[in-house]
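Student: Input structure: start-v3.pdb, which contains PDB, C-alpha atoms.
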```pdb
MODEL        1
ATOM      1  CA  MET A   1     -37.373  24.687 -11.309
ATOM      2  CA  THR A   2     -35.267  22.223  -9.328
ATOM      3  CA  VAL A   3     -31.620  23.231  -8.952
ATOM      4  CA  THR A   4     -29.080  20.396  -9.019
ATOM      5  CA  ALA A   5     -25.541  20.927  -7.824
ATOM      6  CA  LYS A   6     -22.460  18.750  -7.638
ATOM      7  CA  PHE A   7     -19.077  19.622  -6.228
ATOM      8  CA  PHE A   8     -15.629  18.386  -7.244
ATOM      9  CA  ILE A   9     -12.684  19.134  -4.979
ATOM     10  CA  GLY A  10      -9.043  18.605  -5.885
ATOM     11  CA  ILE A  11      -6.507  18.803  -3.060
ATOM     12  CA  ASP A  12      -2.735  18.924  -3.436
ATOM     13  CA  VAL A  13      -1.246  17.922  -0.086
ATOM     14  CA  SER A  14       2.204  18.660   1.285
ATOM     15  CA  LYS A  15       3.684  18.488   4.784
ATOM     16  CA  PRO A  16       3.066  22.140   5.827
ATOM     17  CA  HIS A  17      -0.131  22.926   3.893
ATOM     18  CA  PHE A  18      -2.662  21.798   1.311
ATOM     19  CA  ASP A  19      -4.050  23.624  -1.725
ATOM     20  CA  VAL A  20      -7.727  23.215  -2.621
ATOM     21  CA  ALA A  21      -9.540  23.723  -5.933
ATOM     22  CA  LEU A  22     -13.352  23.617  -5.879
ATOM     23  CA  MET A  23     -15.578  23.269  -8.946
ATOM     24  CA  ALA A  24     -19.357  23.564  -8.597
ATOM     25  CA  VAL A  25     -21.541  22.117 -11.371
ATOM     26  CA  VAL A  26     -24.981  23.721 -11.183
ATOM     27  CA  ASN A  27     -27.683  22.332 -13.483
ATOM     28  CA  HIS A  28     -24.932  20.586 -15.485
ATOM     29  CA  VAL A  29     -23.055  23.866 -16.019
ATOM     30  CA  LYS A  30     -19.504  24.175 -14.685
ATOM     31  CA  GLN A  31     -18.875  27.206 -12.519
ATOM     32  CA  GLU A  32     -15.631  29.064 -12.017
ATOM     33  CA  ILE A  33     -13.049  27.107  -9.991
ATOM     34  CA  LYS A  34     -12.331  28.522  -6.532
ATOM     35  CA  THR A  35      -8.934  27.979  -4.893
ATOM     36  CA  ALA A  36      -7.518  28.350  -1.399
ATOM     37  CA  ARG A  37      -4.621  27.221   0.787
ATOM     38  CA  PHE A  38      -4.792  25.926   4.370
ATOM     39  CA  ASP A  39      -2.273  24.726   6.932
ATOM     40  CA  ASN A  40      -2.079  20.937   7.163
ATOM     41  CA  THR A  41      -2.972  21.038  10.861
ATOM     42  CA  ALA A  42      -6.110  20.581  12.976
ATOM     43  CA  PRO A  43      -6.821  24.379  12.981
ATOM     44  CA  GLY A  44      -6.250  24.395   9.208
ATOM     45  CA  ILE A  45      -8.811  21.615   8.775
ATOM     46  CA  LYS A  46     -11.369  23.676  10.730
ATOM     47  CA  LEU A  47     -10.815  26.654   8.406
ATOM     48  CA  PHE A  48     -11.168  24.319   5.428
ATOM     49  CA  ASP A  49     -14.501  23.100   6.827
ATOM     50  CA  LYS A  50     -15.749  26.689   7.141
ATOM     51  CA  TRP A  51     -14.548  27.473   3.605
ATOM     52  CA  LEU A  52     -16.497  24.533   2.193
ATOM     53  CA  LYS A  53     -19.639  25.614   4.039
ATOM     54  CA  SER A  54     -19.238  29.189   2.791
ATOM     55  CA  HIS A  55     -19.367  27.806  -0.769
ATOM     56  CA  ARG A  56     -22.411  25.678   0.113
ATOM     57  CA  VAL A  57     -20.691  22.380  -0.569
ATOM     58  CA  ILE A  58     -22.982  19.414   0.034
ATOM     59  CA  PHE A  59     -21.519  16.804   2.383
ATOM     60  CA  SER A  60     -22.945  13.770   0.600
ATOM     61  CA  ASP A  61     -22.596  11.681  -2.549
ATOM     62  CA  GLU A  62     -23.180  14.857  -4.565
ATOM     63  CA  SER A  63     -19.571  15.810  -3.805
ATOM     64  CA  LEU A  64     -16.229  14.161  -4.496
ATOM     65  CA  VAL A  65     -12.797  14.919  -3.049
ATOM     66  CA  LEU A  66      -9.706  13.759  -4.917
ATOM     67  CA  MET A  67      -6.167  13.727  -3.569
ATOM     68  CA  GLU A  68      -2.976  11.752  -4.123
ATOM     69  CA  ASN A  69      -1.647   9.224  -1.653
ATOM     70  CA  THR A  70       1.162  11.023   0.183
ATOM     71  CA  GLY A  71       1.916   8.314   2.744
ATOM     72  CA  ILE A  72       1.037  10.125   5.970
ATOM     73  CA  TYR A  73       0.489  13.805   5.125
ATOM     74  CA  HIS A  74      -3.064  13.306   3.827
ATOM     75  CA  ARG A  75      -4.322  11.528   6.959
ATOM     76  CA  LEU A  76      -5.860  14.605   8.631
ATOM     77  CA  LEU A  77      -7.915  15.324   5.520
ATOM     78  CA  TRP A  78      -8.849  11.663   5.159
ATOM     79  CA  ALA A  79     -10.061  11.591   8.773
ATOM     80  CA  PHE A  80     -12.024  14.827   8.237
ATOM     81  CA  CYS A  81     -13.771  13.494   5.119
ATOM     82  CA  SER A  82     -14.551  10.190   6.857
ATOM     83  CA  LYS A  83     -16.060  12.004   9.843
ATOM     84  CA  ARG A  84     -18.150  14.349   7.688
ATOM     85  CA  ASN A  85     -19.298  11.615   5.233
ATOM     86  CA  LEU A  86     -17.629  13.468   2.380
ATOM     87  CA  PRO A  87     -16.735  10.966  -0.398
ATOM     88  CA  ILE A  88     -12.998  10.920  -1.033
ATOM     89  CA  HIS A  89     -10.821   9.099  -3.553
ATOM     90  CA  ILE A  90      -7.161   8.732  -2.603
ATOM     91  CA  GLY A  91      -5.421   7.900  -5.855
ATOM     92  CA  ASN A  92      -2.027   6.666  -6.960
ATOM     93  CA  ALA A  93       0.124   9.729  -7.601
ATOM     94  CA  ALA A  94       1.868   8.322 -10.688
ATOM     95  CA  HIS A  95      -1.390   7.160 -12.291
ATOM     96  CA  ILE A  96      -3.007  10.567 -11.824
ATOM     97  CA  LYS A  97       0.096  12.424 -13.032
ATOM     98  CA  TRP A  98       0.339  10.389 -16.231
ATOM     99  CA  SER A  99      -3.353  10.990 -16.943
ATOM    100  CA  PHE A 100      -2.587  14.715 -17.349
ATOM    101  CA  GLY A 101      -0.542  13.981 -20.475
ATOM    102  CA  ILE A 102       2.174  16.488 -21.385
ATOM    103  CA  ALA A 103       1.779  19.156 -18.694
ATOM    104  CA  ARG A 104       3.853  22.336 -18.737
ATOM    105  CA  GLY A 105       4.317  24.283 -15.549
ATOM    106  CA  LYS A 106       3.759  23.078 -12.026
ATOM    107  CA  ASN A 107       2.983  24.468  -8.597
ATOM    108  CA  ASP A 108       0.683  23.447  -5.778
ATOM    109  CA  LYS A 109      -2.219  25.626  -6.953
ATOM    110  CA  ILE A 110      -2.004  24.345 -10.527
ATOM    111  CA  ASP A 111      -1.812  20.755  -9.284
ATOM    112  CA  SER A 112      -4.969  21.194  -7.183
ATOM    113  CA  ILE A 113      -6.827  22.562 -10.230
ATOM    114  CA  ARG A 114      -5.650  19.622 -12.334
ATOM    115  CA  LEU A 115      -6.865  17.226  -9.641
ATOM    116  CA  CYS A 116     -10.196  19.040  -9.541
ATOM    117  CA  ASN A 117     -10.643  18.707 -13.316
ATOM    118  CA  TYR A 118      -9.593  15.056 -13.147
ATOM    119  CA  ALA A 119     -12.243  14.398 -10.482
ATOM    120  CA  PHE A 120     -14.881  15.994 -12.717
ATOM    121  CA  LYS A 121     -13.897  14.014 -15.816
ATOM    122  CA  GLU A 122     -13.427  10.644 -14.111
ATOM    123  CA  ALA A 123     -16.175  10.896 -11.480
ATOM    124  CA  ASP A 124     -18.066   7.877 -12.819
ATOM    125  CA  GLU A 125     -14.937   5.689 -12.662
ATOM    126  CA  LEU A 126     -13.487   6.777  -9.319
ATOM    127  CA  ARG A 127     -14.442   4.609  -6.367
ATOM    128  CA  ALA A 128     -14.675   6.242  -2.967
ATOM    129  CA  THR A 129     -11.879   5.187  -0.615
ATOM    130  CA  ALA A 130     -13.024   3.455   2.560
ATOM    131  CA  ALA A 131     -13.306   5.590   5.677
ATOM    132  CA  LEU A 132     -10.110   5.964   7.687
ATOM    133  CA  ASP A 133      -9.825   3.180  10.273
ATOM    134  CA  PRO A 134      -7.686   4.368  13.240
ATOM    135  CA  GLU A 135      -6.968   0.779  14.292
ATOM    136  CA  LEU A 136      -5.773  -0.113  10.806
ATOM    137  CA  MET A 137      -3.558   2.986  10.711
ATOM    138  CA  LEU A 138      -2.053   1.993  14.071
ATOM    139  CA  LEU A 139      -1.382  -1.510  12.752
ATOM    140  CA  LYS A 140       0.352  -0.102   9.648
ATOM    141  CA  ASP A 141       2.468   2.267  11.754
ATOM    142  CA  LEU A 142       3.514  -0.527  14.104
ATOM    143  CA  VAL A 143       4.478  -2.778  11.179
ATOM    144  CA  SER A 144       6.411   0.085   9.575
ATOM    145  CA  ALA A 145       8.232   0.803  12.848
ATOM    146  CA  ARG A 146       9.129  -2.871  13.255
ATOM    147  CA  THR A 147      10.538  -3.005   9.706
ATOM    148  CA  LYS A 148      12.696   0.062  10.367
ATOM    149  CA  LEU A 149      14.005  -1.364  13.643
ATOM    150  CA  LEU A 150      14.828  -4.704  11.997
ATOM    151  CA  LYS A 151      16.885  -2.847   9.377
ATOM    152  CA  GLN A 152      18.668  -0.890  12.102
ATOM    153  CA  LYS A 153      19.430  -4.048  14.070
ATOM    154  CA  SER A 154      20.753  -5.757  10.957
ATOM    155  CA  GLY A 155      22.745  -2.645  10.046
ATOM    156  CA  ILE A 156      24.556  -2.828  13.395
ATOM    157  CA  SER A 157      24.906  -6.568  14.039
ATOM    158  CA  VAL A 158      25.931  -7.769  10.553
ATOM    159  CA  PRO A 159      29.012  -5.495  10.221
ATOM    160  CA  VAL A 160      30.039  -6.437  13.777
ATOM    161  CA  LYS A 161      30.003 -10.141  12.865
ATOM    162  CA  GLU A 162      32.020  -9.414   9.733
ATOM    163  CA  LEU A 163      34.611  -7.566  11.818
ATOM    164  CA  GLY A 164      35.061 -10.749  13.809
ATOM    165  CA  ASN A 165      36.710 -12.333  10.778
ATOM    166  CA  VAL A 166      39.516  -9.764  10.719
ATOM    167  CA  ASN A 167      39.837  -8.533  14.330
ATOM    168  CA  GLY A 168      41.610 -10.165  17.218
ATOM    169  CA  LYS A 169      39.506 -11.642  20.043
ATOM    170  CA  GLU A 170      40.137  -8.819  22.512
ATOM    171  CA  HIS A 171      39.484  -6.177  19.878
ATOM    172  CA  GLN A 172      36.250  -7.908  18.839
ATOM    173  CA  LYS A 173      35.015  -8.268  22.414
ATOM    174  CA  LEU A 174      35.384  -4.520  22.984
ATOM    175  CA  ILE A 175      33.359  -3.743  19.846
ATOM    176  CA  GLU A 176      30.611  -6.237  20.719
ATOM    177  CA  LYS A 177      30.424  -4.966  24.318
ATOM    178  CA  ALA A 178      30.141  -1.348  23.152
ATOM    179  CA  LEU A 179      27.221  -2.195  20.857
ATOM    180  CA  LYS A 180      25.477  -4.803  23.019
ATOM    181  CA  ASN A 181      23.151  -2.353  24.777
ATOM    182  CA  ALA A 182      22.090  -0.802  21.464
ATOM    183  CA  ILE A 183      21.350  -4.200  19.872
ATOM    184  CA  ASP A 184      19.538  -5.464  22.986
ATOM    185  CA  GLY A 185      17.513  -2.243  23.174
ATOM    186  CA  ILE A 186      16.396  -2.543  19.556
ATOM    187  CA  ALA A 187      15.516  -6.211  20.096
ATOM    188  CA  LYS A 188      13.400  -5.266  23.132
ATOM    189  CA  SER A 189      11.598  -2.551  21.139
ATOM    190  CA  ILE A 190      10.885  -5.038  18.343
ATOM    191  CA  LYS A 191       9.429  -7.458  20.911
ATOM    192  CA  ASN A 192       7.186  -4.706  22.314
ATOM    193  CA  LEU A 193       5.978  -3.772  18.825
ATOM    194  CA  GLU A 194       5.260  -7.414  18.026
ATOM    195  CA  ASP A 195       3.186  -7.762  21.212
ATOM    196  CA  GLN A 196       1.138  -4.698  20.217
ATOM    197  CA  ILE A 197       0.619  -6.073  16.698
ATOM    198  CA  LYS A 198      -0.621  -9.411  18.023
ATOM    199  CA  LYS A 199      -2.931  -7.595  20.441
ATOM    200  CA  ILE A 200      -4.523  -5.602  17.608
ATOM    201  CA  ILE A 201      -4.927  -8.678  15.376
ATOM    202  CA  ASN A 202      -6.501 -10.765  18.137
ATOM    203  CA  GLY A 203      -8.733  -7.907  19.289
ATOM    204  CA  ASN A 204     -10.274  -7.193  15.881
ATOM    205  CA  HIS A 205     -12.633  -9.837  14.511
ATOM    206  CA  ASP A 206     -12.150  -8.880  10.849
ATOM    207  CA  PHE A 207      -8.365  -8.733  11.130
ATOM    208  CA  LYS A 208      -8.223 -12.039  12.980
ATOM    209  CA  ARG A 209     -10.467 -13.808  10.456
ATOM    210  CA  ASN A 210      -8.382 -12.768   7.446
ATOM    211  CA  TYR A 211      -5.156 -13.400   9.356
ATOM    212  CA  LYS A 212      -6.147 -17.032   9.974
ATOM    213  CA  LEU A 213      -7.104 -17.443   6.312
ATOM    214  CA  LEU A 214      -3.755 -16.074   5.156
ATOM    215  CA  ILE A 215      -1.548 -18.211   7.380
ATOM    216  CA  SER A 216      -3.419 -21.312   6.139
ATOM    217  CA  ILE A 217      -1.635 -20.790   2.791
ATOM    218  CA  PRO A 218       1.687 -22.670   2.548
ATOM    219  CA  GLY A 219       4.577 -20.220   2.698
ATOM    220  CA  ILE A 220       2.611 -17.368   4.302
ATOM    221  CA  GLY A 221       3.802 -16.656   7.823
ATOM    222  CA  HIS A 222       2.881 -14.201  10.553
ATOM    223  CA  VAL A 223       4.904 -11.244   9.225
ATOM    224  CA  THR A 224       3.599 -11.525   5.649
ATOM    225  CA  ALA A 225      -0.008 -12.000   6.798
ATOM    226  CA  VAL A 226       0.090  -8.907   9.015
ATOM    227  CA  TYR A 227       1.742  -6.827   6.295
ATOM    228  CA  LEU A 228      -0.909  -7.894   3.764
ATOM    229  CA  ILE A 229      -3.711  -6.839   6.107
ATOM    230  CA  GLY A 230      -2.074  -3.450   6.581
ATOM    231  CA  CYS A 231      -1.082  -2.621   2.995
ATOM    232  CA  THR A 232      -4.444  -3.695   1.510
ATOM    233  CA  GLY A 233      -6.615  -2.092   4.200
ATOM    234  CA  ASN A 234      -7.660  -5.577   5.272
ATOM    235  CA  PHE A 235      -8.525  -6.252   1.604
ATOM    236  CA  ALA A 236     -11.125  -3.470   1.600
ATOM    237  CA  GLY A 237     -11.020  -3.129  -2.197
ATOM    238  CA  GLN A 238     -11.280  -6.918  -2.663
ATOM    239  CA  PRO A 239      -8.339  -7.057  -5.098
ATOM    240  CA  SER A 240      -8.236  -9.923  -7.567
ATOM    241  CA  GLY A 241      -5.232 -12.205  -7.778
ATOM    242  CA  LYS A 242      -3.946 -10.359 -10.854
ATOM    243  CA  GLU A 243      -4.386  -6.971  -9.173
ATOM    244  CA  LEU A 244      -2.516  -8.154  -6.077
ATOM    245  CA  ALA A 245       0.274  -9.642  -8.203
ATOM    246  CA  CYS A 246       0.535  -6.389 -10.153
ATOM    247  CA  TYR A 247       0.609  -4.354  -6.928
ATOM    248  CA  ALA A 248       3.405  -6.558  -5.591
ATOM    249  CA  GLY A 249       5.355  -6.309  -8.856
ATOM    250  CA  VAL A 250       5.293 -10.043  -9.646
ATOM    251  CA  ALA A 251       2.946  -9.967 -12.649
ATOM    252  CA  PRO A 252       4.889 -10.185 -15.947
ATOM    253  CA  PHE A 253       3.866  -7.867 -18.806
ATOM    254  CA  GLU A 254       4.407  -8.516 -22.503
ATOM    255  CA  GLN A 255       6.908  -6.288 -24.335
ATOM    256  CA  THR A 256       6.077  -6.560 -28.057
ATOM    257  CA  SER A 257       5.119  -4.182 -30.842
ATOM    258  CA  GLY A 258       4.693  -5.051 -34.504
ATOM    259  CA  ILE A 259       7.507  -7.219 -35.897
ATOM    260  CA  SER A 260      10.499  -5.269 -34.575
ATOM    261  CA  ILE A 261      10.038  -5.185 -30.790
ATOM    262  CA  LYS A 262       9.964  -8.649 -29.274
ATOM    263  CA  GLY A 263      11.028  -8.306 -25.648
ATOM    264  CA  LYS A 264      10.546 -10.981 -23.026
ATOM    265  CA  PRO A 265       7.655 -10.530 -20.585
ATOM    266  CA  ARG A 266       8.979  -8.669 -17.562
ATOM    267  CA  VAL A 267       7.659  -7.458 -14.231
ATOM    268  CA  HIS A 268       7.236  -3.693 -13.849
ATOM    269  CA  ARG A 269       9.528  -1.663 -11.589
ATOM    270  CA  MET A 270       6.521   0.095 -10.008
ATOM    271  CA  ALA A 271       5.511  -2.082  -7.080
ATOM    272  CA  ASN A 272       5.151  -2.350  -3.349
ATOM    273  CA  LYS A 273       8.754  -3.442  -2.848
ATOM    274  CA  GLU A 274       8.322  -4.578   0.757
ATOM    275  CA  LEU A 275       5.441  -6.872  -0.240
ATOM    276  CA  LYS A 276       7.513  -8.124  -3.183
ATOM    277  CA  ARG A 277      10.389  -8.903  -0.797
ATOM    278  CA  LEU A 278       8.097 -10.791   1.564
ATOM    279  CA  LEU A 279       6.556 -12.830  -1.275
ATOM    280  CA  HIS A 280      10.075 -13.593  -2.495
ATOM    281  CA  MET A 281      11.004 -15.001   0.916
ATOM    282  CA  CYS A 282       7.774 -17.036   0.925
ATOM    283  CA  ALA A 283       8.625 -18.419  -2.531
ATOM    284  CA  LEU A 284      12.155 -19.414  -1.481
ATOM    285  CA  SER A 285      10.747 -21.215   1.549
ATOM    286  CA  LEU A 286       8.227 -23.097  -0.594
ATOM    287  CA  ILE A 287      10.677 -24.368  -3.195
ATOM    288  CA  GLN A 288      12.889 -25.686  -0.389
ATOM    289  CA  HIS A 289      10.345 -27.179   2.007
ATOM    290  CA  ASN A 290       7.068 -27.710   0.122
ATOM    291  CA  GLN A 291       6.915 -30.838  -2.046
ATOM    292  CA  GLU A 292       4.451 -29.342  -4.543
ATOM    293  CA  PHE A 293       6.598 -26.301  -5.293
ATOM    294  CA  LYS A 294       9.872 -28.187  -5.036
ATOM    295  CA  THR A 295       8.607 -30.479  -7.797
ATOM    296  CA  TYR A 296       7.340 -27.514  -9.814
ATOM    297  CA  TYR A 297      10.635 -25.638  -9.495
ATOM    298  CA  ASN A 298      12.749 -28.642 -10.510
ATOM    299  CA  ARG A 299      10.479 -29.416 -13.475
ATOM    300  CA  LYS A 300      10.687 -25.857 -14.809
ATOM    301  CA  LYS A 301      14.461 -25.798 -14.346
ATOM    302  CA  ASP A 302      14.755 -29.050 -16.303
ATOM    303  CA  GLU A 303      12.733 -27.356 -19.077
ATOM    304  CA  GLY A 304      15.419 -24.679 -19.269
ATOM    305  CA  LYS A 305      13.629 -21.870 -17.401
ATOM    306  CA  HIS A 306      15.722 -19.271 -15.571
ATOM    307  CA  SER A 307      15.614 -19.720 -11.782
ATOM    308  CA  MET A 308      14.346 -16.158 -11.149
ATOM    309  CA  SER A 309      11.606 -16.659 -13.743
ATOM    310  CA  VAL A 310      10.427 -19.772 -11.890
ATOM    311  CA  ILE A 311      10.638 -18.056  -8.498
ATOM    312  CA  ASN A 312       8.564 -15.164  -9.854
ATOM    313  CA  ALA A 313       5.973 -17.675 -11.099
ATOM    314  CA  VAL A 314       5.818 -19.083  -7.551
ATOM    315  CA  ARG A 315       5.358 -15.548  -6.143
ATOM    316  CA  ASN A 316       2.540 -15.045  -8.621
ATOM    317  CA  LYS A 317       0.871 -18.287  -7.554
ATOM    318  CA  ILE A 318       1.056 -17.186  -3.908
ATOM    319  CA  ALA A 319      -0.643 -13.869  -4.788
ATOM    320  CA  LEU A 320      -3.436 -15.732  -6.585
ATOM    321  CA  ARG A 321      -3.970 -18.006  -3.582
ATOM    322  CA  ILE A 322      -4.069 -15.030  -1.223
ATOM    323  CA  ALA A 323      -6.842 -13.391  -3.255
ATOM    324  CA  ALA A 324      -8.735 -16.681  -3.531
ATOM    325  CA  VAL A 325      -8.898 -17.509   0.189
ATOM    326  CA  ILE A 326      -9.924 -13.935   1.041
ATOM    327  CA  LYS A 327     -12.616 -13.861  -1.652
ATOM    328  CA  ASN A 328     -14.042 -17.270  -0.700
ATOM    329  CA  GLN A 329     -13.482 -16.755   3.044
ATOM    330  CA  GLU A 330     -12.285 -20.342   3.285
ATOM    331  CA  SER A 331      -8.958 -21.697   4.481
ATOM    332  CA  TYR A 332      -6.581 -22.972   1.830
ATOM    333  CA  LYS A 333      -7.063 -26.637   0.857
ATOM    334  CA  ASN A 334      -3.926 -28.460  -0.230
ATOM    335  CA  ASN A 335      -5.253 -30.426  -3.210
ATOM    336  CA  PHE A 336      -1.723 -31.501  -4.165
ATOM    337  CA  ASN A 337      -1.454 -33.737  -1.108
ATOM    338  CA  ILE A 338      -4.960 -35.090  -1.727
ATOM    339  CA  ALA A 339      -4.073 -35.983  -5.321
ATOM    340  CA  ALA A 340      -0.817 -37.585  -4.214
TER     341      ALA A 340
ENDMDL
END
```
Hey, can you dump this file as C-alpha cells for me?
Tutor:
Amino acid sequence: MTVTAKFFIGIDVSKPHFDVALMAVVNHVKQEIKTARFDNTAPGIKLFDKWLKSHRVIFSDESLVLMENTGIYHRLLWAFCSKRNLPIHIGNAAHIKWSFGIARGKNDKIDSIRLCNYAFKEADELRATAALDPELMLLKDLVSARTKLLKQKSGISVPVKELGNVNGKEHQKLIEKALKNAIDGIAKSIKNLEDQIKKIINGNHDFKRNYKLLISIPGIGHVTAVYLIGCTGNFAGQPSGKELACYAGVAPFEQTSGISIKGKPRVHRMANKELKRLLHMCALSLIQHNQEFKTYYNRKKDEGKHSMSVINAVRNKIALRIAAVIKNQESYKNNFNIAA
C-alpha cells in the first residue's frame, strides 16, 4: 500500500522568536499537531531545519508553510524556505485574522496552530510566494531609507524656514548655521542612496525593463516607478488594474444594503499609504500639465463632481495603465494626442 503524506506548517513570527505548528496528513487522515518555538536567528533556523527533518517533513510541493507578513522579521524564514524549495505563502495579516472569525484567546502558540489549520483548509487557494530575491530586498530597503531621510530633512528644514518669518536676521542666521551640517549631511546620504538605487535598476534586466515601461506612462516619474517595482516584487504576482488600485487604496467600494443604507462609494482605509501618496502626486501633476487629464478634470468639475472624487478617479486610471503596460510589456501609447 502506497503511503501519501502532506505537511502543513503555520508559523507565528515575532522579533525574538517564532512559533511553529506542524500538521501531517497521512493517507488523508490528519495527525496530531506538533508545536515548537525557535529563536528568530540563524542558529534558530538551523534548529528549525533539524526539527522538520526529525518529523520527516518533505521539502517539496507536498508541504506548505504559511506565515503573516511582518515587514522584516519573517525574512530569515523566507530565505530558508526559498533555499530549501519549501513552498511558502506569506499572507496579509488582517485577511488571515478575519478568516478566523470570532476567536477567543490569543498567544503565539495558539496563533501558529490557527495558521496551520488555515493552511490545511485553504491549501488549494493559497498561491506560493515567489522565492526571496536579495536584490529586490536591497532595493526595497534603499527606497525605505530614502523615504525616511526625506521626512527627516523636511522635518528639519521646513520649521527653520517658518522661523524666518518671525525671527530677526541675525537670530535666523544662527539657527540656519547650526542646522546646515545636519541638512547637508542628510542631503548627501539621500544622493548616495539614489545612486545605489539607479545602479540596481540599471544592473538588473527585469527591473530595468519594467522601469522603462512605467516611466512611459504620463505622470509616473522615477520615484514612483522604483517604488512600484519594490512594493509589488517587480509585479511578480501580475496584479490586475483593479487589484493594484485596491492595494493602493484608490478603488471605491459601494456602501449599500437593502433600502435603508445608501452610502456613497468610498475608498477603503486599508491601503499602501505611501503608494497612495505617490499616485496622488502623479494625479495632481497630470491635471495641471497633461491636456487629456486637465480636460477630464475640468469636465467632471463642471458636472458637479467633488474635486477629490475626480482626483481619485485619475489615480485609479493611473493604476489601470500601470497594470496594462506591465501585462502587455509595451510602452504606453498616448491615444489622446493621436485622436486630437
Student: Do a neighbour search on Thr70 of chain A at 12 Å with all atoms listed in the file, toss out local chain neighbours closer than 3 positions, and write the hits as a ChimeraX atom specification.
Tutor: /A:11-15,18,67,73-78,90-94
Student: Show me, as a list in words, the residues that have an atom within 9 Å of Ile311 of chain A when counting all atoms listed in the file, minus same-chain residues fewer than 4 positions from it.
Tutor: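 Answer for this query is His280, Ala283, Leu284, Ile287, Tyr297, His306, Ser307, Arg315 and Asn316 of chain A.
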Student: Could those residues be written to a file, using C-alpha atoms, as a PDB file, in the frame of the given file?
Tutor:
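New file out-v8.pdb:
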```
ATOM      1  CA  HIS A 280      10.075 -13.593  -2.495  1.00  0.00           C
ATOM      2  CA  ALA A 283       8.625 -18.419  -2.531  1.00  0.00           C
ATOM      3  CA  LEU A 284      12.155 -19.414  -1.481  1.00  0.00           C
ATOM      4  CA  ILE A 287      10.677 -24.368  -3.195  1.00  0.00           C
ATOM      5  CA  TYR A 297      10.635 -25.638  -9.495  1.00  0.00           C
ATOM      6  CA  HIS A 306      15.722 -19.271 -15.571  1.00  0.00           C
ATOM      7  CA  SER A 307      15.614 -19.720 -11.782  1.00  0.00           C
ATOM      8  CA  ARG A 315       5.358 -15.548  -6.143  1.00  0.00           C
ATOM      9  CA  ASN A 316       2.540 -15.045  -8.621  1.00  0.00           C
TER      10      ASN A 316
END
```
Student: Taking 6 positions as the minimum chain separation for residues in the same chain, which residues sit within 10 Å of Arg56 of chain A when counting all atoms listed in the file? Answer as a list in words.
Tutor: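 Once the nearby chain positions are removed, what remains is Ala5, Phe7, Ala24 and Lys50 of chain A.
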Student: When the PyMOL selection byres ((chain A and resi 194) around 12) is applied to the structure above, which residues does it catch, written out as a PyMOL selection string?
Tutor: chain A and resi 139+141-147+149-150+187-193+195-201+222-223+226
Student: For a test of reading the model, state the distance in Å between atom CA of Ile9 of chain A and atom CA of Cys116 of chain A, rounded to one decimal.
Tutor: 5.2 Å
Student: Assuming the chain letters and numbering stay as they are in my file, what does the PyMOL selection byres ((chain A and resi 312) around 12) actually select? List them as a PyMOL selection string.
Tutor: chain A and resi 245-246+248-252+265-267+276-277+279-284+287+297+300+305-311+313-319
Student: For the selection just defined, write its residues with C-alpha atoms to a file, as a JSON list (two decimals), keeping the file's coordinate frame.
Tutor:
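Printed below is again00.json as written:
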```json
[["chain", "number", "residue", "atom", "x", "y", "z"],
["A", 245, "ALA", "CA", 0.27, -9.64, -8.20],
["A", 246, "CYS", "CA", 0.54, -6.39, -10.15],
["A", 248, "ALA", "CA", 3.40, -6.56, -5.59],
["A", 249, "GLY", "CA", 5.36, -6.31, -8.86],
["A", 250, "VAL", "CA", 5.29, -10.04, -9.65],
["A", 251, "ALA", "CA", 2.95, -9.97, -12.65],
["A", 252, "PRO", "CA", 4.89, -10.18, -15.95],
["A", 265, "PRO", "CA", 7.66, -10.53, -20.58],
["A", 266, "ARG", "CA", 8.98, -8.67, -17.56],
["A", 267, "VAL", "CA", 7.66, -7.46, -14.23],
["A", 276, "LYS", "CA", 7.51, -8.12, -3.18],
["A", 277, "ARG", "CA", 10.39, -8.90, -0.80],
["A", 279, "LEU", "CA", 6.56, -12.83, -1.27],
["A", 280, "HIS", "CA", 10.07, -13.59, -2.50],
["A", 281, "MET", "CA", 11.00, -15.00, 0.92],
["A", 282, "CYS", "CA", 7.77, -17.04, 0.92],
["A", 283, "ALA", "CA", 8.62, -18.42, -2.53],
["A", 284, "LEU", "CA", 12.16, -19.41, -1.48],
["A", 287, "ILE", "CA", 10.68, -24.37, -3.20],
["A", 297, "TYR", "CA", 10.64, -25.64, -9.49],
["A", 300, "LYS", "CA", 10.69, -25.86, -14.81],
["A", 305, "LYS", "CA", 13.63, -21.87, -17.40],
["A", 306, "HIS", "CA", 15.72, -19.27, -15.57],
["A", 307, "SER", "CA", 15.61, -19.72, -11.78],
["A", 308, "MET", "CA", 14.35, -16.16, -11.15],
["A", 309, "SER", "CA", 11.61, -16.66, -13.74],
["A", 310, "VAL", "CA", 10.43, -19.77, -11.89],
["A", 311, "ILE", "CA", 10.64, -18.06, -8.50],
["A", 313, "ALA", "CA", 5.97, -17.68, -11.10],
["A", 314, "VAL", "CA", 5.82, -19.08, -7.55],
["A", 315, "ARG", "CA", 5.36, -15.55, -6.14],
["A", 316, "ASN", "CA", 2.54, -15.04, -8.62],
["A", 317, "LYS", "CA", 0.87, -18.29, -7.55],
["A", 318, "ILE", "CA", 1.06, -17.19, -3.91],
["A", 319, "ALA", "CA", -0.64, -13.87, -4.79]]
```
Student: Just want the 12 Å neighbourhood of Lys83 of chain A, counted on all atoms listed in the file, with same-chain residues fewer than 3 positions away dropped. Output as number ranges by chain.
Tutor: A: 49, 59-60, 76-80, 86-88, 130-134
Student: Could you work out how far atom CA of Leu213 of chain A lies from atom CA of Gln329 of chain A, giving the answer in Å with one decimal?
Tutor: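 Between these atoms lies a distance of 7.2 Å.
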Student: How big is the axis-aligned box around all listed atoms of segment 290-303 of chain A once 4 Å goes on each side, and where's its centre, in Å to one decimal, as lines of an AutoDock Vina configuration file?
Tutor:
```
center_x = 9.6
center_y = -28.2
center_z = -9.5
size_x = 18.3
size_y = 13.2
size_z = 27.2
```
Student: Which residue is closest to Val65 of chain A? Choose from A:Lys46, A:Lys106, A:Lys6, A:Arg37 and count only C-alpha atoms.
Tutor: A:Lys6
Student: Give me, please, the distance in Å between atom CA of Val160 of chain A and atom CA of Lys273 of chain A, quoted to one decimal.
Tutor: 27.2 Å
Student: Taking into account all atoms listed in the file, which residue in the set A:Phe38, A:Asp61, A:Leu52, A:Thr232 is nearest to Asp124 of chain A?
Tutor: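 Among the listed residues, the smallest separation from Asp124 of chain A belongs to A:Asp61.
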